[in-house]
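*Asks:* Structure: model-v3.tsv, TSV, C-alpha atoms.
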```tsv
chain	number	residue	atom	x	y	z
X	6	MET	CA	70.77	17.58	-0.57
X	7	THR	CA	68.91	15.89	2.30
X	8	ALA	CA	65.66	14.24	1.28
X	9	ASN	CA	62.38	15.39	2.79
X	10	VAL	CA	60.84	12.60	4.86
X	11	PHE	CA	57.39	13.75	3.78
X	12	ASP	CA	58.29	13.31	0.12
X	13	ASP	CA	59.37	9.70	0.69
X	14	PRO	CA	57.88	7.86	3.68
X	15	PHE	CA	60.76	5.36	3.61
X	16	THR	CA	63.40	8.09	4.04
X	17	LEU	CA	62.78	8.31	7.78
X	18	PHE	CA	63.30	4.60	8.35
X	19	ASN	CA	66.48	4.61	6.28
X	20	ASP	CA	67.88	7.63	8.11
X	21	PRO	CA	70.88	6.52	10.24
X	22	GLN	CA	70.23	9.20	12.88
X	23	TRP	CA	66.64	8.01	13.40
X	24	ALA	CA	67.79	4.38	13.53
X	25	ALA	CA	70.52	5.12	16.09
X	26	GLU	CA	68.07	6.98	18.33
X	27	GLU	CA	65.37	4.31	18.16
X	28	GLN	CA	67.71	1.40	18.78
X	29	GLY	CA	69.73	3.20	21.44
X	30	SER	CA	73.50	3.42	21.44
X	31	ALA	CA	74.90	0.63	23.60
X	32	LYS	CA	78.47	1.76	22.97
X	33	ASP	CA	80.18	5.07	22.36
X	34	THR	CA	80.71	4.45	18.66
X	35	ALA	CA	81.14	6.83	15.75
X	36	GLY	CA	77.55	6.08	14.78
X	37	SER	CA	76.21	7.14	18.17
X	38	ARG	CA	78.23	10.33	18.01
X	39	LYS	CA	76.67	11.20	14.68
X	40	ALA	CA	73.25	10.57	16.19
X	41	ARG	CA	73.76	13.44	18.63
X	42	ARG	CA	71.64	16.40	17.65
X	43	ALA	CA	72.97	19.90	17.26
X	44	ARG	CA	73.20	21.66	20.61
X	45	PRO	CA	70.32	24.00	21.47
X	46	SER	CA	70.74	27.74	21.75
X	47	SER	CA	71.82	29.12	25.10
X	48	PRO	CA	69.00	30.32	27.38
X	49	ASP	CA	68.18	33.99	26.86
X	50	LEU	CA	68.64	35.29	30.39
X	51	GLY	CA	67.20	38.66	29.36
X	52	LYS	CA	63.84	37.03	28.65
X	53	ARG	CA	63.54	35.45	32.07
X	54	PRO	CA	60.93	37.10	34.28
X	55	GLU	CA	61.87	38.74	37.55
X	56	PRO	CA	62.09	35.92	40.09
X	57	ALA	CA	60.87	37.92	43.11
X	58	LEU	CA	57.71	36.72	44.83
X	59	LYS	CA	55.27	39.59	44.42
X	60	SER	CA	52.09	37.61	44.87
X	61	ARG	CA	51.85	38.59	48.56
X	62	SER	CA	52.17	42.35	47.99
X	63	ARG	CA	48.83	44.08	47.45
X	64	ARG	CA	48.52	47.23	45.39
X	65	THR	CA	44.79	47.82	45.80
X	66	THR	CA	42.24	47.57	48.58
X	67	ALA	CA	40.82	44.33	47.11
X	68	VAL	CA	41.07	41.20	49.26
X	69	PRO	CA	40.11	37.52	48.77
X	70	PRO	CA	36.47	36.72	49.59
X	71	THR	CA	35.65	35.22	52.96
X	72	PRO	CA	34.07	31.75	53.30
X	73	ALA	CA	30.72	33.46	53.81
X	74	GLN	CA	31.11	35.53	50.64
X	75	ASP	CA	32.23	32.65	48.38
X	76	PRO	CA	32.07	29.26	50.11
X	77	GLU	CA	32.72	27.39	46.86
X	78	ILE	CA	36.28	28.61	46.31
X	79	HIS	CA	37.12	27.95	49.97
X	80	HIS	CA	35.73	24.45	49.53
X	81	ILE	CA	37.97	24.03	46.46
X	82	LYS	CA	40.97	25.23	48.48
X	83	GLY	CA	40.20	22.75	51.25
X	84	SER	CA	39.84	19.92	48.76
X	85	ILE	CA	43.27	20.64	47.21
X	86	GLN	CA	44.95	20.93	50.60
X	87	ALA	CA	43.34	17.69	51.77
X	88	ALA	CA	44.84	15.88	48.75
X	89	ASP	CA	48.19	17.71	48.92
X	90	PRO	CA	48.78	19.34	52.32
X	91	GLN	CA	52.33	20.58	51.62
X	92	GLY	CA	52.04	21.25	47.88
X	93	VAL	CA	54.45	18.42	47.06
X	94	TRP	CA	52.25	16.80	44.43
X	95	CYS	CA	51.32	20.10	42.80
X	96	GLY	CA	55.02	20.98	42.60
X	97	ARG	CA	55.79	17.65	40.97
X	98	ALA	CA	52.94	18.17	38.50
X	99	ILE	CA	54.36	21.54	37.44
X	100	ARG	CA	57.88	20.05	37.23
X	101	ASN	CA	56.67	17.20	35.01
X	102	ALA	CA	54.74	19.60	32.79
X	103	LEU	CA	57.74	21.88	32.28
X	104	ASP	CA	60.03	18.94	31.54
X	105	GLN	CA	57.50	17.60	29.05
X	106	ALA	CA	57.36	21.01	27.34
X	107	TYR	CA	61.17	21.10	27.06
X	108	ASP	CA	61.21	17.54	25.66
X	109	GLY	CA	64.90	17.44	26.55
X	110	ARG	CA	65.57	13.91	25.29
X	111	ARG	CA	64.67	14.99	21.75
X	112	THR	CA	65.69	18.67	21.82
X	113	GLY	CA	68.42	19.07	24.44
X	114	ARG	CA	66.52	22.06	25.92
X	115	TRP	CA	65.88	22.78	29.59
X	116	ASP	CA	64.76	26.42	29.86
X	117	LEU	CA	61.51	28.25	29.12
X	118	THR	CA	63.38	30.88	27.09
X	119	GLN	CA	64.47	28.14	24.65
X	120	LEU	CA	60.87	27.33	23.69
X	121	THR	CA	59.16	28.74	20.65
X	122	LYS	CA	56.03	30.85	21.05
X	123	ALA	CA	53.82	27.92	20.00
X	124	GLU	CA	55.54	25.60	22.49
X	125	SER	CA	55.22	28.15	25.30
X	126	ALA	CA	51.48	28.33	24.67
X	127	HIS	CA	51.19	24.62	25.54
X	128	VAL	CA	52.84	24.89	28.98
X	129	GLY	CA	49.57	25.90	30.66
X	130	PRO	CA	47.53	22.98	29.24
X	131	LEU	CA	50.31	20.56	30.20
X	132	ILE	CA	50.25	21.81	33.80
X	133	GLU	CA	46.48	21.39	33.79
X	134	ILE	CA	46.84	17.79	32.57
X	135	TRP	CA	49.45	16.90	35.19
X	136	LEU	CA	47.46	18.49	38.01
X	137	GLN	CA	44.49	16.39	36.96
X	138	ARG	CA	46.67	13.27	37.09
X	139	VAL	CA	48.38	13.80	40.44
X	140	LEU	CA	45.30	15.13	42.24
X	141	LYS	CA	43.03	12.57	40.54
X	142	LEU	CA	40.56	15.19	39.35
X	143	ASP	CA	37.53	14.55	37.14
X	144	ASP	CA	36.76	16.33	33.88
X	145	GLY	CA	34.53	19.35	34.22
X	146	ILE	CA	31.29	19.89	32.35
X	147	THR	CA	32.11	23.34	30.95
X	148	THR	CA	35.85	23.26	31.75
X	149	SER	CA	38.66	20.71	31.71
X	150	LEU	CA	38.73	20.19	35.47
X	151	GLN	CA	36.32	19.64	38.30
X	152	ILE	CA	37.35	20.11	41.93
X	153	ALA	CA	35.05	19.43	44.85
X	154	GLY	CA	32.13	19.17	42.44
X	155	ALA	CA	32.79	22.57	40.83
X	156	ASP	CA	33.98	23.25	37.29
X	157	VAL	CA	37.35	25.02	37.42
X	158	ALA	CA	39.36	26.72	34.67
X	159	CYS	CA	43.13	27.25	34.73
X	160	THR	CA	45.44	30.12	33.87
X	161	TRP	CA	49.23	29.87	33.93
X	162	SER	CA	51.93	32.50	33.66
X	163	GLU	CA	55.65	32.57	34.34
X	164	ARG	CA	55.18	36.25	35.24
X	165	LEU	CA	53.24	37.32	38.29
X	166	ASP	CA	51.21	39.93	36.42
X	167	SER	CA	50.51	38.23	33.08
X	168	TRP	CA	47.69	35.78	33.74
X	169	THR	CA	44.92	35.85	31.18
X	170	LEU	CA	41.24	34.92	31.46
X	171	ASP	CA	38.58	33.84	29.03
X	172	ARG	CA	36.00	36.41	28.08
X	173	PRO	CA	32.89	36.16	30.24
X	174	VAL	CA	29.79	34.42	28.89
X	175	PRO	CA	26.75	36.69	29.21
X	176	GLU	CA	24.18	35.63	31.83
X	177	GLN	CA	26.42	32.84	33.15
X	178	ARG	CA	28.08	32.79	36.54
X	179	GLU	CA	31.88	33.04	36.40
X	180	VAL	CA	33.66	29.74	37.06
X	181	PRO	CA	36.61	29.76	39.50
X	182	TYR	CA	40.14	29.76	38.08
X	183	LEU	CA	43.25	28.01	39.29
X	184	VAL	CA	45.88	30.75	39.02
X	185	ILE	CA	49.36	29.18	38.68
X	186	TRP	CA	52.85	30.65	38.61
X	187	ALA	CA	56.30	29.05	38.77
X	188	ASN	CA	59.87	30.26	38.51
X	189	GLU	CA	62.74	27.96	37.54
X	190	GLU	CA	65.48	30.16	39.01
X	191	THR	CA	64.03	30.31	42.51
X	192	SER	CA	62.44	26.83	42.33
X	193	ARG	CA	59.17	28.22	43.68
X	194	PHE	CA	55.56	28.07	42.57
X	195	SER	CA	52.26	29.58	43.61
X	196	LEU	CA	48.75	28.25	43.11
X	197	GLY	CA	45.61	30.14	44.02
X	198	ILE	CA	41.90	30.31	43.31
X	199	LEU	CA	40.00	33.26	41.86
X	200	ARG	CA	36.43	33.84	40.82
X	201	PRO	CA	36.69	36.75	38.37
X	202	GLY	CA	34.49	39.74	38.91
X	203	PRO	CA	33.54	42.70	36.69
X	204	ASP	CA	36.79	44.50	37.55
X	205	SER	CA	39.07	41.44	37.26
X	206	ARG	CA	39.78	41.82	33.57
X	207	GLY	CA	42.18	44.41	32.25
X	208	VAL	CA	43.49	45.19	28.79
X	209	ALA	CA	43.67	42.49	26.14
X	210	SER	CA	46.93	40.54	25.98
X	211	MET	CA	48.82	39.28	22.95
X	212	ASP	CA	47.46	35.78	23.73
X	213	ARG	CA	44.65	35.70	21.16
X	214	GLY	CA	43.30	38.92	22.58
X	215	ARG	CA	42.32	37.38	25.92
X	216	PRO	CA	42.03	39.98	28.70
X	217	ARG	CA	44.74	40.09	31.31
X	218	LEU	CA	43.99	39.65	34.97
X	219	SER	CA	43.85	43.12	36.50
X	220	GLN	CA	45.66	44.12	39.68
X	221	VAL	CA	42.31	44.08	41.49
X	222	GLY	CA	41.83	40.50	40.33
X	223	ILE	CA	45.35	39.56	41.45
X	224	ASP	CA	44.72	40.97	44.92
X	225	ARG	CA	41.53	38.91	45.17
X	226	ILE	CA	43.30	35.56	44.60
X	227	LEU	CA	42.82	33.10	47.45
X	228	TRP	CA	46.27	31.49	47.63
X	229	VAL	CA	46.44	27.77	48.35
X	230	PHE	CA	50.24	27.59	48.03
X	231	ASP	CA	52.29	30.78	47.73
X	232	GLY	CA	56.03	30.51	47.18
X	233	CYS	CA	55.98	26.73	47.69
X	234	ALA	CA	59.00	24.58	46.76
X	235	LEU	CA	59.23	23.45	43.13
X	236	PRO	CA	61.56	20.51	42.34
X	237	THR	CA	64.80	22.11	41.21
X	238	ASN	CA	65.82	22.21	37.57
X	239	VAL	CA	69.53	21.61	38.06
X	240	LEU	CA	70.32	22.63	34.46
X	241	VAL	CA	68.78	26.07	34.97
X	242	LYS	CA	70.77	26.36	38.20
X	243	HIS	CA	74.02	25.51	36.36
X	244	PRO	CA	73.61	26.73	32.75
X	245	GLU	CA	77.34	26.61	31.94
X	246	THR	CA	77.56	22.94	32.88
X	247	ALA	CA	74.34	22.27	30.98
X	248	MET	CA	75.65	23.84	27.77
X	249	ALA	CA	79.00	22.06	28.11
X	250	ALA	CA	77.27	18.71	28.65
X	251	VAL	CA	74.87	18.92	25.71
X	252	SER	CA	77.82	19.94	23.52
X	253	GLN	CA	79.68	16.67	24.17
X	254	SER	CA	80.25	14.29	21.29
X	255	SER	CA	78.39	11.42	22.94
X	256	GLY	CA	75.61	10.90	25.41
X	257	GLN	CA	77.90	8.97	27.76
X	258	LYS	CA	80.43	11.79	27.91
X	259	ALA	CA	77.59	14.23	28.58
X	260	VAL	CA	76.22	12.20	31.49
X	261	ASN	CA	79.70	11.67	32.94
X	262	MET	CA	80.30	15.43	32.83
X	263	LEU	CA	76.97	16.10	34.53
X	264	PHE	CA	77.74	13.91	37.54
X	265	ARG	CA	81.39	14.96	37.65
X	266	HIS	CA	80.63	18.69	37.84
X	267	LEU	CA	77.37	18.69	39.83
X	268	GLN	CA	78.55	16.76	42.87
X	269	GLY	CA	76.27	17.08	45.88
X	270	GLU	CA	73.32	18.25	43.75
X	271	LEU	CA	70.11	16.30	43.24
X	272	VAL	CA	70.00	15.56	39.51
X	273	GLN	CA	66.60	14.79	38.00
X	274	HIS	CA	66.31	11.94	35.51
X	275	SER	CA	64.94	14.52	33.05
X	276	ALA	CA	68.29	16.34	33.24
X	277	VAL	CA	70.09	13.09	32.40
X	278	GLU	CA	67.76	12.58	29.43
X	279	THR	CA	68.36	16.16	28.27
X	280	VAL	CA	72.14	15.97	28.16
X	281	ALA	CA	72.25	12.36	26.89
X	282	GLN	CA	69.55	12.86	24.21
X	283	GLN	CA	69.20	9.10	23.93
X	284	ILE	CA	66.44	6.62	24.63
X	285	ASP	CA	68.66	4.51	26.89
X	286	SER	CA	69.59	7.35	29.26
X	287	SER	CA	69.19	5.05	32.29
X	288	LYS	CA	71.97	2.88	30.91
X	289	ARG	CA	74.14	5.98	30.61
X	290	VAL	CA	73.77	6.48	34.37
X	291	ARG	CA	74.80	2.88	35.07
X	292	GLU	CA	77.82	3.21	32.82
X	293	ALA	CA	78.71	6.59	34.34
X	294	ARG	CA	78.70	4.92	37.76
X	295	GLU	CA	81.31	2.43	36.51
X	296	GLN	CA	83.41	4.93	34.56
X	297	LEU	CA	83.57	7.50	37.37
X	298	ARG	CA	84.57	4.93	40.02
X	299	GLY	CA	88.18	5.43	38.98
X	300	GLU	CA	87.82	9.12	39.89
X	301	GLY	CA	86.44	8.17	43.31
X	302	ILE	CA	82.93	9.36	42.42
X	303	VAL	CA	79.79	7.46	43.40
X	304	ILE	CA	76.33	8.06	41.93
X	305	LEU	CA	73.59	7.31	44.45
X	306	GLY	CA	70.06	6.67	43.22
X	307	PRO	CA	66.61	5.90	44.66
X	308	TYR	CA	67.36	2.23	45.34
X	309	HIS	CA	67.55	0.95	48.89
X	310	PRO	CA	69.92	1.39	50.68
X	311	GLN	CA	71.44	4.14	48.52
X	312	PRO	CA	69.16	6.95	49.83
X	313	GLU	CA	70.15	5.97	53.38
X	314	ILE	CA	73.83	6.03	52.38
X	315	ALA	CA	73.38	9.51	50.92
X	316	ALA	CA	71.75	10.73	54.13
X	317	ALA	CA	74.54	9.18	56.24
X	318	LEU	CA	77.12	11.02	54.12
X	319	GLY	CA	75.29	14.31	54.57
X	320	LEU	CA	74.05	14.45	50.95
X	321	PRO	CA	70.49	15.08	49.75
X	322	SER	CA	68.56	11.81	49.80
X	323	PRO	CA	67.58	10.86	46.22
X	324	ARG	CA	63.94	9.96	45.65
X	325	ALA	CA	62.34	8.33	42.64
X	326	GLY	CA	63.77	9.80	39.45
X	327	THR	CA	66.72	11.58	41.07
X	328	PHE	CA	70.43	10.93	41.64
X	329	VAL	CA	73.23	12.53	43.64
X	330	SER	CA	76.98	12.15	43.05
X	331	HIS	CA	80.09	12.93	45.07
X	332	ARG	CA	83.71	11.93	45.36
X	333	LEU	CA	84.43	9.79	48.44
X	334	ALA	CA	87.49	9.12	50.56
X	335	PRO	CA	88.07	6.16	52.92
X	336	MET	CA	87.94	6.94	56.62
X	337	GLU	CA	91.00	6.03	58.65
X	338	ALA	CA	90.77	3.75	61.68
X	339	GLY	CA	89.57	5.81	64.62
X	340	GLU	CA	88.53	8.73	62.43
X	341	VAL	CA	85.30	10.32	63.63
X	342	GLY	CA	82.81	12.36	61.68
X	343	THR	CA	80.05	11.93	59.15
X	344	GLY	CA	80.44	8.77	57.11
X	345	ALA	CA	78.73	5.65	55.80
X	346	GLU	CA	79.45	1.93	55.64
X	347	ILE	CA	79.88	0.93	51.97
X	348	ASP	CA	81.38	-2.21	50.46
X	349	GLY	CA	82.92	-3.39	53.73
X	350	GLY	CA	84.57	-0.06	54.61
X	351	ARG	CA	83.69	3.31	56.02
X	352	TRP	CA	83.67	6.29	53.68
X	353	ARG	CA	83.18	10.05	53.90
X	354	LEU	CA	82.84	12.92	51.45
X	355	ALA	CA	86.20	13.75	49.92
X	356	VAL	CA	87.70	17.22	50.24
X	357	PRO	CA	90.10	18.83	47.74
X	358	GLY	CA	93.21	17.66	49.62
X	359	ASP	CA	92.24	13.98	49.64
X	360	PRO	CA	94.00	11.70	47.13
X	361	VAL	CA	91.79	10.11	44.48
X	362	THR	CA	90.97	6.49	45.29
X	363	MET	CA	88.75	3.92	43.60
X	364	ALA	CA	85.16	4.44	44.77
X	365	PRO	CA	83.40	1.57	46.55
X	366	VAL	CA	80.82	-0.63	44.85
X	367	LEU	CA	77.33	0.49	45.81
X	368	PRO	CA	74.78	-2.02	47.09
X	369	ILE	CA	71.48	-2.26	45.21
X	370	LEU	CA	68.85	-4.22	47.12
X	371	GLY	CA	65.62	-2.86	45.74
X	372	LYS	CA	63.60	0.24	44.97
X	373	GLN	CA	62.84	2.54	47.84
X	374	ARG	CA	59.14	2.71	48.66
X	375	THR	CA	58.09	6.19	49.67
```
Can the structure from this file be put into structure tokens for me?
*Replies:*
Amino acid sequence: MTANVFDDPFTLFNDPQWAAEEQGSAKDTAGSRKARRARPSSPDLGKRPEPALKSRSRRTTAVPPTPAQDPEIHHIKGSIQAADPQGVWCGRAIRNALDQAYDGRRTGRWDLTQLTKAESAHVGPLIEIWLQRVLKLDDGITTSLQIAGADVACTWSERLDSWTLDRPVPEQREVPYLVIWANEETSRFSLGILRPGPDSRGVASMDRGRPRLSQVGIDRILWVFDGCALPTNVLVKHPETAMAAVSQSSGQKAVNMLFRHLQGELVQHSAVETVAQQIDSSKRVREAREQLRGEGIVILGPYHPQPEIAAALGLPSPRAGTFVSHRLAPMEAGEVGTGAEIDGGRWRLAVPGDPVTMAPVLPILGKQRT
């Protein structure tokens, strides 16, 4: 029978699985295979919320306040847009928070439906923390955040009608809320501002009895970003490949499978960590680049001039923390079309009829500064 680490504090340090994970597996040995955790359960697609963007459709006569009616929330909106005009940083904050909640390197999970109820309850606070980091926000006096000099609370929901609010404090003015929604399937998020009114709270939810935001309250949200792009979770997009990868006997085989099957897709480093489930997941990418060369596959990363090579080939240009793979074929003399100069030759994206040739060696000159 397995010993309980809490009964004997030395059990954890003598555990071979813990030791293999902490030291990293430099080679695909039997020990590293044993260190692989059991695969997570498949995502429960029935639990996923409807991905349609309903935040623009109004069901009541309520509308957001004008700048004259509530100048503070419009000032908050302007402050967010000044720091993040296109919503790129807010999208990255939500992406980082979700990946942190999945904790893929330790759990092999990548989907909200795989989280426990207690873990799901921490997604909102994690988004709040990451928004504070990327937007460089101060702590509030009565809330966790302060934007444009005003205390702001946050409410998160993966469903467009399930936001909850704190109960109002008698004789105190309501603080504005950041109302946040994101959907992994559509890779979209929305972020708005609401100052709750007397008719903004509906029936109590299952979340510690906090009242839900009513439809009147939803219609009064002043949207800062509505349906904005969220960095794609490639494992949610390709769940069959994700399950097959995390089921491999070693982290290296898992990473190889990821780049072999998801050619032309931007792969986040968090996805590599999830399928590898090892501390040295970056090394797994470097080794996958060598091992897949024989199949004609290159793995382009965020190191100059690799993003430029990806763009020349017609692939998505990888930024910090992302990779893109594809099989290449050499271009014949006089052949015209989209291609890139690599390793002294000209190469293009391979098509099914092209014979498999050894992929070129990629140049690595330095990190791309964006």
*Asks:* Could you give me, as a list in words, the residues that sit within 10 Å of (36.2, 20.2, 42.0) in the file's coordinates, counting all atoms listed in the file?
*Replies:* Glu77, Ile78, His80, Ile81, Lys82, Ser84, Ile85, Leu142, Asp143, Asp144, Gly145, Leu150, Gln151, Ile152, Ala153, Gly154, Ala155, Asp156, Val157 and Pro181 of chain X
*Asks:* List every residue of segment 77-121 of chain X that has an atom at most 10 Å from any atom of segment 44-55 of chain X, giving for each one its closest atom pair and the distance in Å to one decimal, counting only C-alpha atoms, sorted by chain and then by ascending residue number, as a Markdown table.
*Replies:*
```
| residue | atom | partner | partner_atom | distance |
| --- | --- | --- | --- | --- |
| X:Gly109 | CA | X:Pro45 | CA | 9.9 |
| X:Thr112 | CA | X:Pro45 | CA | 7.1 |
| X:Gly113 | CA | X:Pro45 | CA | 6.1 |
| X:Arg114 | CA | X:Pro45 | CA | 6.2 |
| X:Trp115 | CA | X:Pro48 | CA | 8.5 |
| X:Asp116 | CA | X:Pro48 | CA | 6.3 |
| X:Leu117 | CA | X:Pro48 | CA | 8.0 |
| X:Thr118 | CA | X:Pro48 | CA | 5.7 |
| X:Gln119 | CA | X:Pro48 | CA | 5.7 |
| X:Leu120 | CA | X:Pro48 | CA | 9.4 |
```
*Asks:* Smallest atom-to-atom distance to Arg200 of chain X: which of X:Leu267, X:Ala249, X:Cys159, X:Ala234, using all atoms listed in the file?
*Replies:* X:Cys159
*Asks:* Starting from the point (42.5, 19.2, 30.4), work out which residues of protein, DNA or RNA have an atom no more than 6 Å away when counting all atoms listed in the file; state them as a PyMOL selection string.
*Replies:* chain X and resi 133-134+149
*Asks:* Write out as a list in words which residues come within 10 Å of Leu297 of chain X when counting only C-alpha atoms, dropping same-chain ones fewer than 4 positions away.
*Replies:*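 The residues that qualify are Asn261, Met262, Phe264, Arg265, Glu292, Ala293, Gly301, Ile302, Val303, Ile304, Ser330, Arg332, Met363 and Ala364 of chain X.
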